[in-house]
Structure formats: C-alpha cells, structure tokens
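Structure file model-v9.pdb; described as PDB, C-alpha atoms.
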ATOM      1  CA  MET V   1     -62.602  -7.409  44.974  1.00  0.00           C
ATOM      2  CA  LYS V   2     -64.378  -7.512  48.313  1.00  0.00           C
ATOM      3  CA  SER V   3     -62.492  -9.230  51.097  1.00  0.00           C
ATOM      4  CA  ASP V   4     -65.067 -12.001  51.565  1.00  0.00           C
ATOM      5  CA  LEU V   5     -64.925 -12.924  47.877  1.00  0.00           C
ATOM      6  CA  LEU V   6     -61.124 -12.853  47.944  1.00  0.00           C
ATOM      7  CA  GLU V   7     -60.989 -15.105  50.995  1.00  0.00           C
ATOM      8  CA  GLN V   8     -63.377 -17.563  49.361  1.00  0.00           C
ATOM      9  CA  LEU V   9     -61.372 -17.520  46.121  1.00  0.00           C
ATOM     10  CA  ILE V  10     -58.170 -18.301  48.014  1.00  0.00           C
ATOM     11  CA  ALA V  11     -59.907 -21.180  49.805  1.00  0.00           C
ATOM     12  CA  ASP V  12     -61.310 -22.533  46.534  1.00  0.00           C
ATOM     13  CA  LYS V  13     -57.914 -22.471  44.857  1.00  0.00           C
ATOM     14  CA  ALA V  14     -56.318 -24.231  47.820  1.00  0.00           C
ATOM     15  CA  ALA V  15     -59.030 -26.907  47.610  1.00  0.00           C
ATOM     16  CA  ARG V  16     -58.523 -27.266  43.824  1.00  0.00           C
ATOM     17  CA  ARG V  17     -62.108 -26.209  43.057  1.00  0.00           C
ATOM     18  CA  PRO V  18     -62.471 -24.719  39.559  1.00  0.00           C
ATOM     19  CA  VAL V  19     -64.053 -21.297  39.948  1.00  0.00           C
ATOM     20  CA  ALA V  20     -64.572 -18.180  37.854  1.00  0.00           C
ATOM     21  CA  VAL V  21     -64.679 -14.599  39.077  1.00  0.00           C
ATOM     22  CA  VAL V  22     -67.404 -12.945  36.992  1.00  0.00           C
ATOM     23  CA  THR V  23     -67.383  -9.140  36.876  1.00  0.00           C
ATOM     24  CA  TRP V  24     -70.058  -6.946  35.295  1.00  0.00           C
ATOM     25  CA  LEU V  25     -67.932  -4.071  34.018  1.00  0.00           C
ATOM     26  CA  SER V  26     -70.716  -1.483  33.954  1.00  0.00           C
ATOM     27  CA  SER V  27     -71.446  -1.822  37.664  1.00  0.00           C
ATOM     28  CA  GLY V  28     -68.373  -3.528  39.075  1.00  0.00           C
ATOM     29  CA  ALA V  29     -70.571  -6.229  40.616  1.00  0.00           C
ATOM     30  CA  GLN V  30     -68.770  -9.548  41.096  1.00  0.00           C
ATOM     31  CA  LYS V  31     -69.618 -13.127  41.965  1.00  0.00           C
ATOM     32  CA  LEU V  32     -67.927 -16.507  42.086  1.00  0.00           C
ATOM     33  CA  ILE V  33     -69.350 -19.217  39.841  1.00  0.00           C
ATOM     34  CA  TYR V  34     -68.194 -22.822  40.071  1.00  0.00           C
ATOM     35  CA  ALA V  35     -67.684 -25.264  37.214  1.00  0.00           C
ATOM     36  CA  ASP V  36     -70.306 -27.603  38.653  1.00  0.00           C
ATOM     37  CA  ASP V  37     -72.909 -24.836  38.650  1.00  0.00           C
ATOM     38  CA  THR V  38     -72.644 -23.510  35.089  1.00  0.00           C
ATOM     39  CA  GLY V  39     -75.961 -25.112  34.106  1.00  0.00           C
ATOM     40  CA  ASN V  40     -77.827 -22.648  36.315  1.00  0.00           C
ATOM     41  CA  GLN V  41     -76.331 -19.462  34.868  1.00  0.00           C
ATOM     42  CA  GLY V  42     -78.698 -18.582  32.015  1.00  0.00           C
ATOM     43  CA  ASP V  43     -76.979 -16.602  29.248  1.00  0.00           C
ATOM     44  CA  LEU V  44     -73.634 -17.093  30.971  1.00  0.00           C
ATOM     45  CA  LYS V  45     -73.826 -20.889  30.637  1.00  0.00           C
ATOM     46  CA  PRO V  46     -72.104 -21.265  27.222  1.00  0.00           C
ATOM     47  CA  VAL V  47     -69.521 -18.616  28.079  1.00  0.00           C
ATOM     48  CA  LEU V  48     -68.627 -20.328  31.336  1.00  0.00           C
ATOM     49  CA  GLY V  49     -68.590 -23.748  29.701  1.00  0.00           C
ATOM     50  CA  ASP V  50     -66.017 -22.595  27.155  1.00  0.00           C
ATOM     51  CA  ALA V  51     -63.999 -20.730  29.759  1.00  0.00           C
ATOM     52  CA  PHE V  52     -63.679 -23.707  32.105  1.00  0.00           C
ATOM     53  CA  ALA V  53     -62.976 -26.100  29.213  1.00  0.00           C
ATOM     54  CA  THR V  54     -60.136 -24.006  27.796  1.00  0.00           C
ATOM     55  CA  GLY V  55     -58.927 -22.257  30.938  1.00  0.00           C
ATOM     56  CA  THR V  56     -59.143 -18.961  29.040  1.00  0.00           C
ATOM     57  CA  SER V  57     -60.331 -15.723  30.636  1.00  0.00           C
ATOM     58  CA  ALA V  58     -62.057 -13.145  28.457  1.00  0.00           C
ATOM     59  CA  THR V  59     -64.436 -10.190  28.278  1.00  0.00           C
ATOM     60  CA  VAL V  60     -67.710 -11.151  26.601  1.00  0.00           C
ATOM     61  CA  LYS V  61     -71.049  -9.541  25.842  1.00  0.00           C
ATOM     62  CA  VAL V  62     -73.916 -11.063  27.871  1.00  0.00           C
ATOM     63  CA  GLY V  63     -77.403  -9.588  27.636  1.00  0.00           C
ATOM     64  CA  GLY V  64     -76.004  -6.271  26.417  1.00  0.00           C
ATOM     65  CA  ASP V  65     -73.477  -6.017  29.267  1.00  0.00           C
ATOM     66  CA  ASP V  66     -69.718  -6.412  29.083  1.00  0.00           C
ATOM     67  CA  VAL V  67     -68.739  -9.195  31.465  1.00  0.00           C
ATOM     68  CA  PHE V  68     -65.216 -10.247  32.364  1.00  0.00           C
ATOM     69  CA  VAL V  69     -64.916 -13.966  33.154  1.00  0.00           C
ATOM     70  CA  HIS V  70     -61.676 -14.737  34.982  1.00  0.00           C
ATOM     71  CA  VAL V  71     -61.203 -18.494  35.238  1.00  0.00           C
ATOM     72  CA  HIS V  72     -59.212 -20.135  38.020  1.00  0.00           C
ATOM     73  CA  ASN V  73     -58.855 -23.781  37.064  1.00  0.00           C
ATOM     74  CA  PRO V  74     -56.710 -26.038  39.256  1.00  0.00           C
ATOM     75  CA  ALA V  75     -53.234 -26.702  37.940  1.00  0.00           C
ATOM     76  CA  ARG V  76     -53.127 -29.815  35.786  1.00  0.00           C
ATOM     77  CA  ARG V  77     -51.054 -32.541  37.385  1.00  0.00           C
ATOM     78  CA  LEU V  78     -49.317 -35.656  36.133  1.00  0.00           C
ATOM     79  CA  CYS V  79     -48.519 -38.425  38.582  1.00  0.00           C
ATOM     80  CA  ILE V  80     -45.823 -40.712  37.181  1.00  0.00           C
ATOM     81  CA  VAL V  81     -45.478 -44.088  38.870  1.00  0.00           C
ATOM     82  CA  GLY V  82     -42.095 -45.600  38.070  1.00  0.00           C
ATOM     83  CA  ALA V  83     -38.887 -43.556  37.864  1.00  0.00           C
ATOM     84  CA  VAL V  84     -37.751 -45.276  34.662  1.00  0.00           C
ATOM     85  CA  HIS V  85     -36.048 -44.036  31.480  1.00  0.00           C
ATOM     86  CA  ILE V  86     -39.357 -43.136  29.825  1.00  0.00           C
ATOM     87  CA  ALA V  87     -40.241 -41.075  32.892  1.00  0.00           C
ATOM     88  CA  GLN V  88     -36.991 -39.141  32.492  1.00  0.00           C
ATOM     89  CA  MET V  89     -38.097 -38.146  28.999  1.00  0.00           C
ATOM     90  CA  LEU V  90     -41.730 -37.601  29.988  1.00  0.00           C
ATOM     91  CA  VAL V  91     -41.094 -35.173  32.846  1.00  0.00           C
ATOM     92  CA  PRO V  92     -39.661 -32.255  30.795  1.00  0.00           C
ATOM     93  CA  MET V  93     -42.171 -32.774  27.971  1.00  0.00           C
ATOM     94  CA  ALA V  94     -45.142 -32.758  30.329  1.00  0.00           C
ATOM     95  CA  GLU V  95     -43.788 -29.724  32.168  1.00  0.00           C
ATOM     96  CA  LEU V  96     -43.616 -27.839  28.859  1.00  0.00           C
ATOM     97  CA  ALA V  97     -47.246 -28.846  28.283  1.00  0.00           C
ATOM     98  CA  GLY V  98     -48.197 -27.191  31.580  1.00  0.00           C
ATOM     99  CA  TYR V  99     -48.346 -30.068  34.069  1.00  0.00           C
ATOM    100  CA  ASP V 100     -47.160 -30.147  37.663  1.00  0.00           C
ATOM    101  CA  ILE V 101     -45.244 -33.416  37.955  1.00  0.00           C
ATOM    102  CA  SER V 102     -44.764 -35.901  40.766  1.00  0.00           C
ATOM    103  CA  VAL V 103     -42.726 -39.082  40.366  1.00  0.00           C
ATOM    104  CA  ILE V 104     -43.507 -41.994  42.675  1.00  0.00           C
ATOM    105  CA  ASP V 105     -41.193 -44.979  43.059  1.00  0.00           C
ATOM    106  CA  PRO V 106     -40.259 -46.880  46.239  1.00  0.00           C
ATOM    107  CA  ARG V 107     -36.938 -47.844  44.652  1.00  0.00           C
ATOM    108  CA  GLN V 108     -34.694 -45.114  45.959  1.00  0.00           C
ATOM    109  CA  ALA V 109     -31.964 -45.990  43.486  1.00  0.00           C
ATOM    110  CA  PHE V 110     -34.294 -44.849  40.688  1.00  0.00           C
ATOM    111  CA  ALA V 111     -36.110 -41.917  42.313  1.00  0.00           C
ATOM    112  CA  THR V 112     -33.057 -39.683  42.675  1.00  0.00           C
ATOM    113  CA  GLU V 113     -32.373 -35.978  42.215  1.00  0.00           C
ATOM    114  CA  GLU V 114     -29.593 -36.865  39.761  1.00  0.00           C
ATOM    115  CA  ARG V 115     -32.017 -38.672  37.466  1.00  0.00           C
ATOM    116  CA  PHE V 116     -34.902 -36.195  37.955  1.00  0.00           C
ATOM    117  CA  PRO V 117     -33.345 -32.810  38.748  1.00  0.00           C
ATOM    118  CA  GLY V 118     -35.801 -30.375  40.286  1.00  0.00           C
ATOM    119  CA  SER V 119     -38.714 -32.836  40.216  1.00  0.00           C
ATOM    120  CA  THR V 120     -41.038 -33.728  43.067  1.00  0.00           C
ATOM    121  CA  LEU V 121     -39.919 -37.253  44.022  1.00  0.00           C
ATOM    122  CA  ILE V 122     -41.886 -39.519  46.342  1.00  0.00           C
ATOM    123  CA  ALA V 123     -39.841 -42.574  47.317  1.00  0.00           C
ATOM    124  CA  GLU V 124     -42.781 -44.532  48.714  1.00  0.00           C
ATOM    125  CA  TRP V 125     -45.034 -47.367  47.641  1.00  0.00           C
ATOM    126  CA  PRO V 126     -48.017 -46.014  45.660  1.00  0.00           C
ATOM    127  CA  ASP V 127     -50.471 -47.295  48.292  1.00  0.00           C
ATOM    128  CA  ASP V 128     -48.952 -44.843  50.770  1.00  0.00           C
ATOM    129  CA  ALA V 129     -47.946 -42.070  48.402  1.00  0.00           C
ATOM    130  CA  LEU V 130     -51.396 -41.692  46.857  1.00  0.00           C
ATOM    131  CA  LYS V 131     -53.330 -41.570  50.127  1.00  0.00           C
ATOM    132  CA  SER V 132     -52.967 -37.796  50.336  1.00  0.00           C
ATOM    133  CA  TYR V 133     -52.475 -37.032  46.647  1.00  0.00           C
ATOM    134  CA  ALA V 134     -56.160 -36.280  45.904  1.00  0.00           C
ATOM    135  CA  LEU V 135     -56.488 -37.765  42.423  1.00  0.00           C
ATOM    136  CA  ASP V 136     -59.068 -35.373  40.969  1.00  0.00           C
ATOM    137  CA  ARG V 137     -60.398 -34.689  37.477  1.00  0.00           C
ATOM    138  CA  TRP V 138     -57.454 -32.384  36.768  1.00  0.00           C
ATOM    139  CA  THR V 139     -54.961 -35.183  37.342  1.00  0.00           C
ATOM    140  CA  ALA V 140     -53.480 -37.783  35.002  1.00  0.00           C
ATOM    141  CA  LEU V 141     -51.698 -40.893  36.233  1.00  0.00           C
ATOM    142  CA  VAL V 142     -49.324 -43.078  34.263  1.00  0.00           C
ATOM    143  CA  ALA V 143     -47.905 -46.382  35.513  1.00  0.00           C
ATOM    144  CA  LEU V 144     -44.507 -46.973  33.906  1.00  0.00           C
ATOM    145  CA  SER V 145     -42.526 -49.203  36.276  1.00  0.00           C
ATOM    146  CA  HIS V 146     -43.446 -52.428  34.437  1.00  0.00           C
ATOM    147  CA  ASP V 147     -43.523 -54.039  37.909  1.00  0.00           C
ATOM    148  CA  PRO V 148     -47.026 -55.198  38.903  1.00  0.00           C
ATOM    149  CA  LYS V 149     -46.165 -54.787  42.593  1.00  0.00           C
ATOM    150  CA  ILE V 150     -45.750 -51.054  41.931  1.00  0.00           C
ATOM    151  CA  ASP V 151     -48.083 -50.356  39.001  1.00  0.00           C
ATOM    152  CA  GLU V 152     -51.178 -52.314  39.992  1.00  0.00           C
ATOM    153  CA  PRO V 153     -51.757 -50.766  43.439  1.00  0.00           C
ATOM    154  CA  ALA V 154     -51.443 -47.325  41.814  1.00  0.00           C
ATOM    155  CA  LEU V 155     -53.887 -48.269  39.064  1.00  0.00           C
ATOM    156  CA  LYS V 156     -56.369 -49.675  41.562  1.00  0.00           C
ATOM    157  CA  ILE V 157     -56.412 -46.375  43.442  1.00  0.00           C
ATOM    158  CA  ALA V 158     -56.558 -44.282  40.266  1.00  0.00           C
ATOM    159  CA  LEU V 159     -59.439 -46.299  38.821  1.00  0.00           C
ATOM    160  CA  GLN V 160     -61.518 -45.449  41.868  1.00  0.00           C
ATOM    161  CA  SER V 161     -60.762 -41.741  41.479  1.00  0.00           C
ATOM    162  CA  GLU V 162     -61.762 -38.944  39.086  1.00  0.00           C
ATOM    163  CA  CYS V 163     -58.466 -38.916  37.154  1.00  0.00           C
ATOM    164  CA  PHE V 164     -59.134 -37.694  33.624  1.00  0.00           C
ATOM    165  CA  TYR V 165     -56.446 -40.012  32.227  1.00  0.00           C
ATOM    166  CA  ILE V 166     -54.989 -43.323  33.383  1.00  0.00           C
ATOM    167  CA  GLY V 167     -52.331 -45.094  31.327  1.00  0.00           C
ATOM    168  CA  ALA V 168     -50.091 -48.113  31.840  1.00  0.00           C
ATOM    169  CA  LEU V 169     -46.963 -49.233  30.038  1.00  0.00           C
ATOM    170  CA  GLY V 170     -46.725 -52.754  28.680  1.00  0.00           C
ATOM    171  CA  SER V 171     -47.533 -55.053  25.788  1.00  0.00           C
ATOM    172  CA  ARG V 172     -51.043 -56.271  25.042  1.00  0.00           C
ATOM    173  CA  LYS V 173     -50.185 -59.549  26.757  1.00  0.00           C
ATOM    174  CA  THR V 174     -48.925 -57.699  29.834  1.00  0.00           C
ATOM    175  CA  HIS V 175     -52.006 -55.499  29.848  1.00  0.00           C
ATOM    176  CA  ALA V 176     -54.340 -58.501  29.622  1.00  0.00           C
ATOM    177  CA  LYS V 177     -52.652 -60.062  32.666  1.00  0.00           C
ATOM    178  CA  ARG V 178     -52.836 -56.721  34.466  1.00  0.00           C
ATOM    179  CA  CYS V 179     -56.569 -56.474  33.790  1.00  0.00           C
ATOM    180  CA  GLU V 180     -57.065 -60.013  35.087  1.00  0.00           C
ATOM    181  CA  ASN V 181     -55.254 -59.105  38.312  1.00  0.00           C
ATOM    182  CA  LEU V 182     -57.311 -55.940  38.755  1.00  0.00           C
ATOM    183  CA  ARG V 183     -60.539 -57.907  38.316  1.00  0.00           C
ATOM    184  CA  GLY V 184     -59.307 -60.253  40.989  1.00  0.00           C
ATOM    185  CA  ALA V 185     -58.789 -57.211  43.217  1.00  0.00           C
ATOM    186  CA  GLY V 186     -62.473 -56.350  42.860  1.00  0.00           C
ATOM    187  CA  LEU V 187     -62.487 -53.776  40.079  1.00  0.00           C
ATOM    188  CA  SER V 188     -65.221 -53.893  37.450  1.00  0.00           C
ATOM    189  CA  ASP V 189     -64.734 -54.198  33.691  1.00  0.00           C
ATOM    190  CA  ALA V 190     -66.068 -50.656  33.311  1.00  0.00           C
ATOM    191  CA  GLN V 191     -63.436 -49.325  35.701  1.00  0.00           C
ATOM    192  CA  ILE V 192     -60.625 -51.300  34.078  1.00  0.00           C
ATOM    193  CA  ALA V 193     -61.672 -50.060  30.631  1.00  0.00           C
ATOM    194  CA  ARG V 194     -60.527 -46.585  31.665  1.00  0.00           C
ATOM    195  CA  ILE V 195     -56.891 -47.684  31.409  1.00  0.00           C
ATOM    196  CA  HIS V 196     -55.092 -46.662  28.239  1.00  0.00           C
ATOM    197  CA  GLY V 197     -52.992 -49.734  27.622  1.00  0.00           C
ATOM    198  CA  PRO V 198     -50.765 -50.131  25.772  1.00  0.00           C
ATOM    199  CA  ILE V 199     -50.102 -46.524  26.714  1.00  0.00           C
ATOM    200  CA  GLY V 200     -49.783 -43.614  24.289  1.00  0.00           C
ATOM    201  CA  LEU V 201     -50.925 -42.734  20.804  1.00  0.00           C
ATOM    202  CA  ASP V 202     -49.997 -45.214  18.096  1.00  0.00           C
ATOM    203  CA  ILE V 203     -47.289 -43.220  16.332  1.00  0.00           C
ATOM    204  CA  GLY V 204     -44.881 -46.117  15.863  1.00  0.00           C
ATOM    205  CA  SER V 205     -42.812 -45.023  18.862  1.00  0.00           C
ATOM    206  CA  VAL V 206     -39.273 -46.360  19.176  1.00  0.00           C
ATOM    207  CA  GLY V 207     -37.284 -45.600  22.321  1.00  0.00           C
ATOM    208  CA  PRO V 208     -38.087 -43.675  25.514  1.00  0.00           C
ATOM    209  CA  ALA V 209     -38.292 -40.199  23.968  1.00  0.00           C
ATOM    210  CA  GLU V 210     -40.801 -41.163  21.287  1.00  0.00           C
ATOM    211  CA  ILE V 211     -42.872 -43.165  23.769  1.00  0.00           C
ATOM    212  CA  ALA V 212     -42.934 -40.087  26.009  1.00  0.00           C
ATOM    213  CA  ILE V 213     -44.148 -37.986  23.064  1.00  0.00           C
ATOM    214  CA  SER V 214     -46.957 -40.464  22.421  1.00  0.00           C
ATOM    215  CA  ILE V 215     -47.970 -40.376  26.092  1.00  0.00           C
ATOM    216  CA  VAL V 216     -48.095 -36.565  26.238  1.00  0.00           C
ATOM    217  CA  GLY V 217     -50.119 -36.588  23.018  1.00  0.00           C
ATOM    218  CA  GLU V 218     -52.656 -39.066  24.387  1.00  0.00           C
ATOM    219  CA  ILE V 219     -52.982 -37.235  27.706  1.00  0.00           C
ATOM    220  CA  THR V 220     -53.542 -33.964  25.836  1.00  0.00           C
ATOM    221  CA  ALA V 221     -56.173 -35.549  23.585  1.00  0.00           C
ATOM    222  CA  CYS V 222     -58.060 -36.900  26.598  1.00  0.00           C
ATOM    223  CA  PHE V 223     -57.918 -33.599  28.434  1.00  0.00           C
ATOM    224  CA  ARG V 224     -59.259 -31.770  25.391  1.00  0.00           C
ATOM    225  CA  GLY V 225     -61.970 -34.359  24.782  1.00  0.00           C
ATOM    226  CA  LYS V 226     -60.455 -35.629  21.536  1.00  0.00           C
ATOM    227  CA  SER V 227     -59.929 -39.183  20.352  1.00  0.00           C
ATOM    228  CA  GLY V 228     -56.359 -38.659  19.183  1.00  0.00           C
ATOM    229  CA  ASP V 229     -57.227 -40.085  15.754  1.00  0.00           C
ATOM    230  CA  ALA V 230     -56.062 -38.256  12.637  1.00  0.00           C
TER     231      ALA V 230
END
Would you put the structure from the file into structure tokens?
Amino acid sequence: MKSDLLEQLIADKAARRPVAVVTWLSSGAQKLIYADDTGNQGDLKPVLGDAFATGTSATVKVGGDDVFVHVHNPARRLCIVGAVHIAQMLVPMAELAGYDISVIDPRQAFATEERFPGSTLIAEWPDDALKSYALDRWTALVALSHDPKIDEPALKIALQSECFYIGALGSRKTHAKRCENLRGAGLSDAQIARIHGPIGLDIGSVGPAEIAISIVGEITACFRGKSGDA
C-alpha cells in the first residue's frame, strides 16, 4: 500500500470512519472507499453495501476482475450507564459479542474495579462523561441505573446522537414518566420513540443474567437490522 493511502487509512480509523481498501488484484491498483459513498461506485455498490453491513472482507468478481474488498469498520461500542447488577452480567456477554465497553456511574461505590474487573470505568455524571465520548452510529447506549438523575441526562444526549441503539431499564410506568420528563426537556416524540423501553427482548427474563441476555439480543437485532421477533 502506498504511504499516502496508509496514512489516510490510519487517520480514518482513528476518526472512526468506516472505510474499505479496494484492491484490483490484476493490476494492484488500490483506493479507499467510504461507507457514505457506496452509492457512487457502480458495480461495486452491492459488494460494498454487504461488506460494510457485515464487516466481512472478501475477494469478489467485479466486471470480470478479481477485487479484494478489505473493510475497516469502527469497533462497535456499548456505553452502559449505571454500574448495577445487570451491568455486571451485561459486560462479559457484550464483550463476547464483540463490543468495546464503557461503564459510566458517578457513584464511586458502584463503579469499582472489584465489581467490573478490567472494564473501562468512568466515575462521572453522564453529562460530563459523554461530552467527549462521540456517540456515533456504531455505538449503543443503555441506561440501567434506575435513577432519573443519572439515566435521563444520558438519554437526552444519546437521543440527539447517531447511536444505533438506545435502551432504558424500567417498568412501563417508569418509562412513561421518563418520556414525560424528556419531553419537558425539549425532546420530540420522534426522538423519544427511539428508546427501547422496557429494555430488551421479551423472553420472560428473570434476574440480572437473563435480563442481560435479552439486552444483548435486542442490541444485536438492531445492529443487524432485524426486529427481534421470532
């Protein structure tokens, strides 16, 4: 790879821009193509669309040429607000599913290394913690603290971002009150409708571990563009 392409690729990855290195194997010619520009790529359009959607690199035949499409999607991230028991179950499950995890909770008694060994812990209020987090379309956020002083500021920020998934723990009654508060904070019904609440797939979850399973399932369904229905 030429040095200028390599430098640009490194910059794109640092900026979390999804990009593919496309190589024509017969000539060795290469170019960078971005996810937002797949519509302008002619015969490569469907190939690139599939590659970015699945994160899978492959050699394909395009116009009689063998072309290697090497996808560099940003790492998927899960931002967990509330270092509660469900979060303790959710962290290892989401890591196995391929997510980089951050746990945000201003309550330092909860956000501890003992309770979340090896995890990225941010013992700050969500208003401050999320200022530099860059909630992009490769990021999911779940609000689990069950404390509106912690959850609602995080949800307000997430609802104004490109997060592909936003979920909040709580009963239907709790969620209705939460929605009312968010409307009062200036958010529209269309924005609030993005919240998955009550959170998780309806699998009859009992206890933190099963709730965590339902959350990972719902996040996965949203990322893959599925409804989660049987």
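For the pair atom CA of V:Ile199 and atom CA of V:Ala97, the interatomic distance is 18.0 Å.
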Quiz item: So, counting only C-alpha atoms, which residue among V:Leu155, V:Cys79, V:Ile10, V:Ala35 is closest to V:Leu182?
Solution: V:Leu155
Quiz item: With only C-alpha atoms as the basis for distance, which of V:Arg224, V:His146, V:Lys156, V:Lys31 is at the shortest distance from V:Cys179?
Solution: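 Once distances to V:Cys179 are computed over only C-alpha atoms, the minimum belongs to V:Lys156.
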Run the PyMOL selection byres ((chain V and resi 169) around 7) mentally over the shown coordinates, then write out the matched residues as a PDB file with C-alpha atoms, in the coordinates of the input, using the chain letters and numbers from the document.
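expr20.pdb, freshly written:
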ATOM      1  CA  ALA V 143     -47.905 -46.382  35.513  1.00  0.00           C
ATOM      2  CA  LEU V 144     -44.507 -46.973  33.906  1.00  0.00           C
ATOM      3  CA  HIS V 146     -43.446 -52.428  34.437  1.00  0.00           C
ATOM      4  CA  GLY V 167     -52.331 -45.094  31.327  1.00  0.00           C
ATOM      5  CA  ALA V 168     -50.091 -48.113  31.840  1.00  0.00           C
ATOM      6  CA  GLY V 170     -46.725 -52.754  28.680  1.00  0.00           C
ATOM      7  CA  GLY V 197     -52.992 -49.734  27.622  1.00  0.00           C
ATOM      8  CA  PRO V 198     -50.765 -50.131  25.772  1.00  0.00           C
ATOM      9  CA  ILE V 199     -50.102 -46.524  26.714  1.00  0.00           C
TER      10      ILE V 199
END
Quiz item: the PyMOL selection byres ((chain V and resi 24) around 8) on the file shown: which residues, as a ChimeraX atom specification?
Solution: /V:22-23,25-30,65-68
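With all atoms listed in the file as the atoms that count, the residue of V:Ala87, V:Ala53, V:Ala111, V:Ile203 with the shortest distance to V:Ala123 is V:Ala111.
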Self-check item: Resolved residues for the PyMOL selection byres ((chain V and resi 178) around 10) as a ChimeraX atom specification
Solution: /V:148,151-152,155,168,170,172-177,179-184,192,197
Store the residues picked out above, limited to C-alpha atoms, as a PDB file, keeping the file's coordinate frame.
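Wrote out-v7.pdb, looks like this:
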ATOM      1  CA  PRO V 148     -47.026 -55.198  38.903  1.00  0.00           C
ATOM      2  CA  ASP V 151     -48.083 -50.356  39.001  1.00  0.00           C
ATOM      3  CA  GLU V 152     -51.178 -52.314  39.992  1.00  0.00           C
ATOM      4  CA  LEU V 155     -53.887 -48.269  39.064  1.00  0.00           C
ATOM      5  CA  ALA V 168     -50.091 -48.113  31.840  1.00  0.00           C
ATOM      6  CA  GLY V 170     -46.725 -52.754  28.680  1.00  0.00           C
ATOM      7  CA  ARG V 172     -51.043 -56.271  25.042  1.00  0.00           C
ATOM      8  CA  LYS V 173     -50.185 -59.549  26.757  1.00  0.00           C
ATOM      9  CA  THR V 174     -48.925 -57.699  29.834  1.00  0.00           C
ATOM     10  CA  HIS V 175     -52.006 -55.499  29.848  1.00  0.00           C
ATOM     11  CA  ALA V 176     -54.340 -58.501  29.622  1.00  0.00           C
ATOM     12  CA  LYS V 177     -52.652 -60.062  32.666  1.00  0.00           C
ATOM     13  CA  CYS V 179     -56.569 -56.474  33.790  1.00  0.00           C
ATOM     14  CA  GLU V 180     -57.065 -60.013  35.087  1.00  0.00           C
ATOM     15  CA  ASN V 181     -55.254 -59.105  38.312  1.00  0.00           C
ATOM     16  CA  LEU V 182     -57.311 -55.940  38.755  1.00  0.00           C
ATOM     17  CA  ARG V 183     -60.539 -57.907  38.316  1.00  0.00           C
ATOM     18  CA  GLY V 184     -59.307 -60.253  40.989  1.00  0.00           C
ATOM     19  CA  ILE V 192     -60.625 -51.300  34.078  1.00  0.00           C
ATOM     20  CA  GLY V 197     -52.992 -49.734  27.622  1.00  0.00           C
TER      21      GLY V 197
END
Exercise. Using all atoms listed in the file, find the one residue out of V:Pro18, V:Pro153, V:Gly186, V:Gly217 that sits nearest to V:Ala94.
Key: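 Looking at the shortest contact to V:Ala94, the residue is V:Gly217.
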Let me have the centre and edge lengths in Å, one decimal, of the box along x, y and z around every listed atom of stretch 138-156 of chain V with 6 Å of margin on each side, as AutoDock Vina command-line options.
--center_x -50.0 --center_y -43.8 --center_z 38.7 --size_x 26.9 --size_y 34.8 --size_z 21.5
Exercise. To one decimal in Å, tell me the separation between atom CA of V:Phe110 and atom CA of V:Thr139.
Key: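 Answer for the atom CA of V:Phe110 to atom CA of V:Thr139 separation: 23.1 Å.
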Exercise. Do a neighbour search on V:Gly118 at 12 Å with only C-alpha atoms, toss out local chain neighbours closer than 4 positions, and write the hits as a PyMOL selection string.
Key: chain V and resi 88+91-92+95+100-103+111-114
Quiz item: What lies within 9 Å of V:Leu159 using all atoms listed in the file, ignoring chain neighbours under 5 positions off, as an MDAnalysis selection string?
Solution: chainID V and resid 154 166 187 191:192 194:195
Quiz item: Which residue, V:Gly42, V:Pro74, V:Gly207, V:Gly225, has the smallest gap to V:Phe164 when you use only C-alpha atoms?
Solution: V:Gly225
Exercise. To one decimal in Å, tell me the separation between atom CA of V:Ala190 and atom CA of V:Ile215.
Key: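 One can read the atom CA of V:Ala190 to atom CA of V:Ile215 distance as 22.0 Å.
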Exercise. Tell me which of V:Ala58, V:Ile219, V:Ala129, V:Leu201 sits closest to V:Leu141, counting all atoms listed in the file.
Key: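 Among the listed residues, V:Ile219 lies closest to V:Leu141.
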Quiz prompt | Neighbour list for V:His72 as an MDAnalysis selection string, cut-off 8 Å, all atoms listed in the file, skip fewer than 2 positions in-chain | solution = chainID V and resid 13 18:21 55 70 74
Quiz prompt | Selection as a list in words: residues within 12 Å of (-45.2, -36.6, 19.8), counting only C-alpha atoms | solution =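 Taken together, the residues in range are Met89, Leu90, Met93, Ala94, Ala97, Gly200, Leu201, Asp202, Ile203, Gly204, Ser205, Val206, Pro208, Ala209, Glu210, Ile211, Ala212, Ile213, Ser214, Ile215, Val216, Gly217, Glu218, Ile219, Thr220, Ala221 and Gly228 of chain V.
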How about saving the chosen residues, C-alpha atoms kept, as a PDB file, in the coordinates of the input?
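Once written, out_8.pdb looks like this:
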ATOM      1  CA  MET V  89     -38.097 -38.146  28.999  1.00  0.00           C
ATOM      2  CA  LEU V  90     -41.730 -37.601  29.988  1.00  0.00           C
ATOM      3  CA  MET V  93     -42.171 -32.774  27.971  1.00  0.00           C
ATOM      4  CA  ALA V  94     -45.142 -32.758  30.329  1.00  0.00           C
ATOM      5  CA  ALA V  97     -47.246 -28.846  28.283  1.00  0.00           C
ATOM      6  CA  GLY V 200     -49.783 -43.614  24.289  1.00  0.00           C
ATOM      7  CA  LEU V 201     -50.925 -42.734  20.804  1.00  0.00           C
ATOM      8  CA  ASP V 202     -49.997 -45.214  18.096  1.00  0.00           C
ATOM      9  CA  ILE V 203     -47.289 -43.220  16.332  1.00  0.00           C
ATOM     10  CA  GLY V 204     -44.881 -46.117  15.863  1.00  0.00           C
ATOM     11  CA  SER V 205     -42.812 -45.023  18.862  1.00  0.00           C
ATOM     12  CA  VAL V 206     -39.273 -46.360  19.176  1.00  0.00           C
ATOM     13  CA  PRO V 208     -38.087 -43.675  25.514  1.00  0.00           C
ATOM     14  CA  ALA V 209     -38.292 -40.199  23.968  1.00  0.00           C
ATOM     15  CA  GLU V 210     -40.801 -41.163  21.287  1.00  0.00           C
ATOM     16  CA  ILE V 211     -42.872 -43.165  23.769  1.00  0.00           C
ATOM     17  CA  ALA V 212     -42.934 -40.087  26.009  1.00  0.00           C
ATOM     18  CA  ILE V 213     -44.148 -37.986  23.064  1.00  0.00           C
ATOM     19  CA  SER V 214     -46.957 -40.464  22.421  1.00  0.00           C
ATOM     20  CA  ILE V 215     -47.970 -40.376  26.092  1.00  0.00           C
ATOM     21  CA  VAL V 216     -48.095 -36.565  26.238  1.00  0.00           C
ATOM     22  CA  GLY V 217     -50.119 -36.588  23.018  1.00  0.00           C
ATOM     23  CA  GLU V 218     -52.656 -39.066  24.387  1.00  0.00           C
ATOM     24  CA  ILE V 219     -52.982 -37.235  27.706  1.00  0.00           C
ATOM     25  CA  THR V 220     -53.542 -33.964  25.836  1.00  0.00           C
ATOM     26  CA  ALA V 221     -56.173 -35.549  23.585  1.00  0.00           C
ATOM     27  CA  GLY V 228     -56.359 -38.659  19.183  1.00  0.00           C
TER      28      GLY V 228
END
Exercise. Using all atoms listed in the file, find all polymer residues with an atom at most 12 Å away from the point (-72.8, -23.5, 35.8); report them as a list in words.
Key: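 Those within range, by chain then number, are Pro18, Val19, Ala20, Val22, Leu32, Ile33, Tyr34, Ala35, Asp36, Asp37, Thr38, Gly39, Asn40, Gln41, Gly42, Asp43, Leu44, Lys45, Pro46, Val47, Leu48, Gly49, Asp50, Ala51 and Phe52 of chain V.
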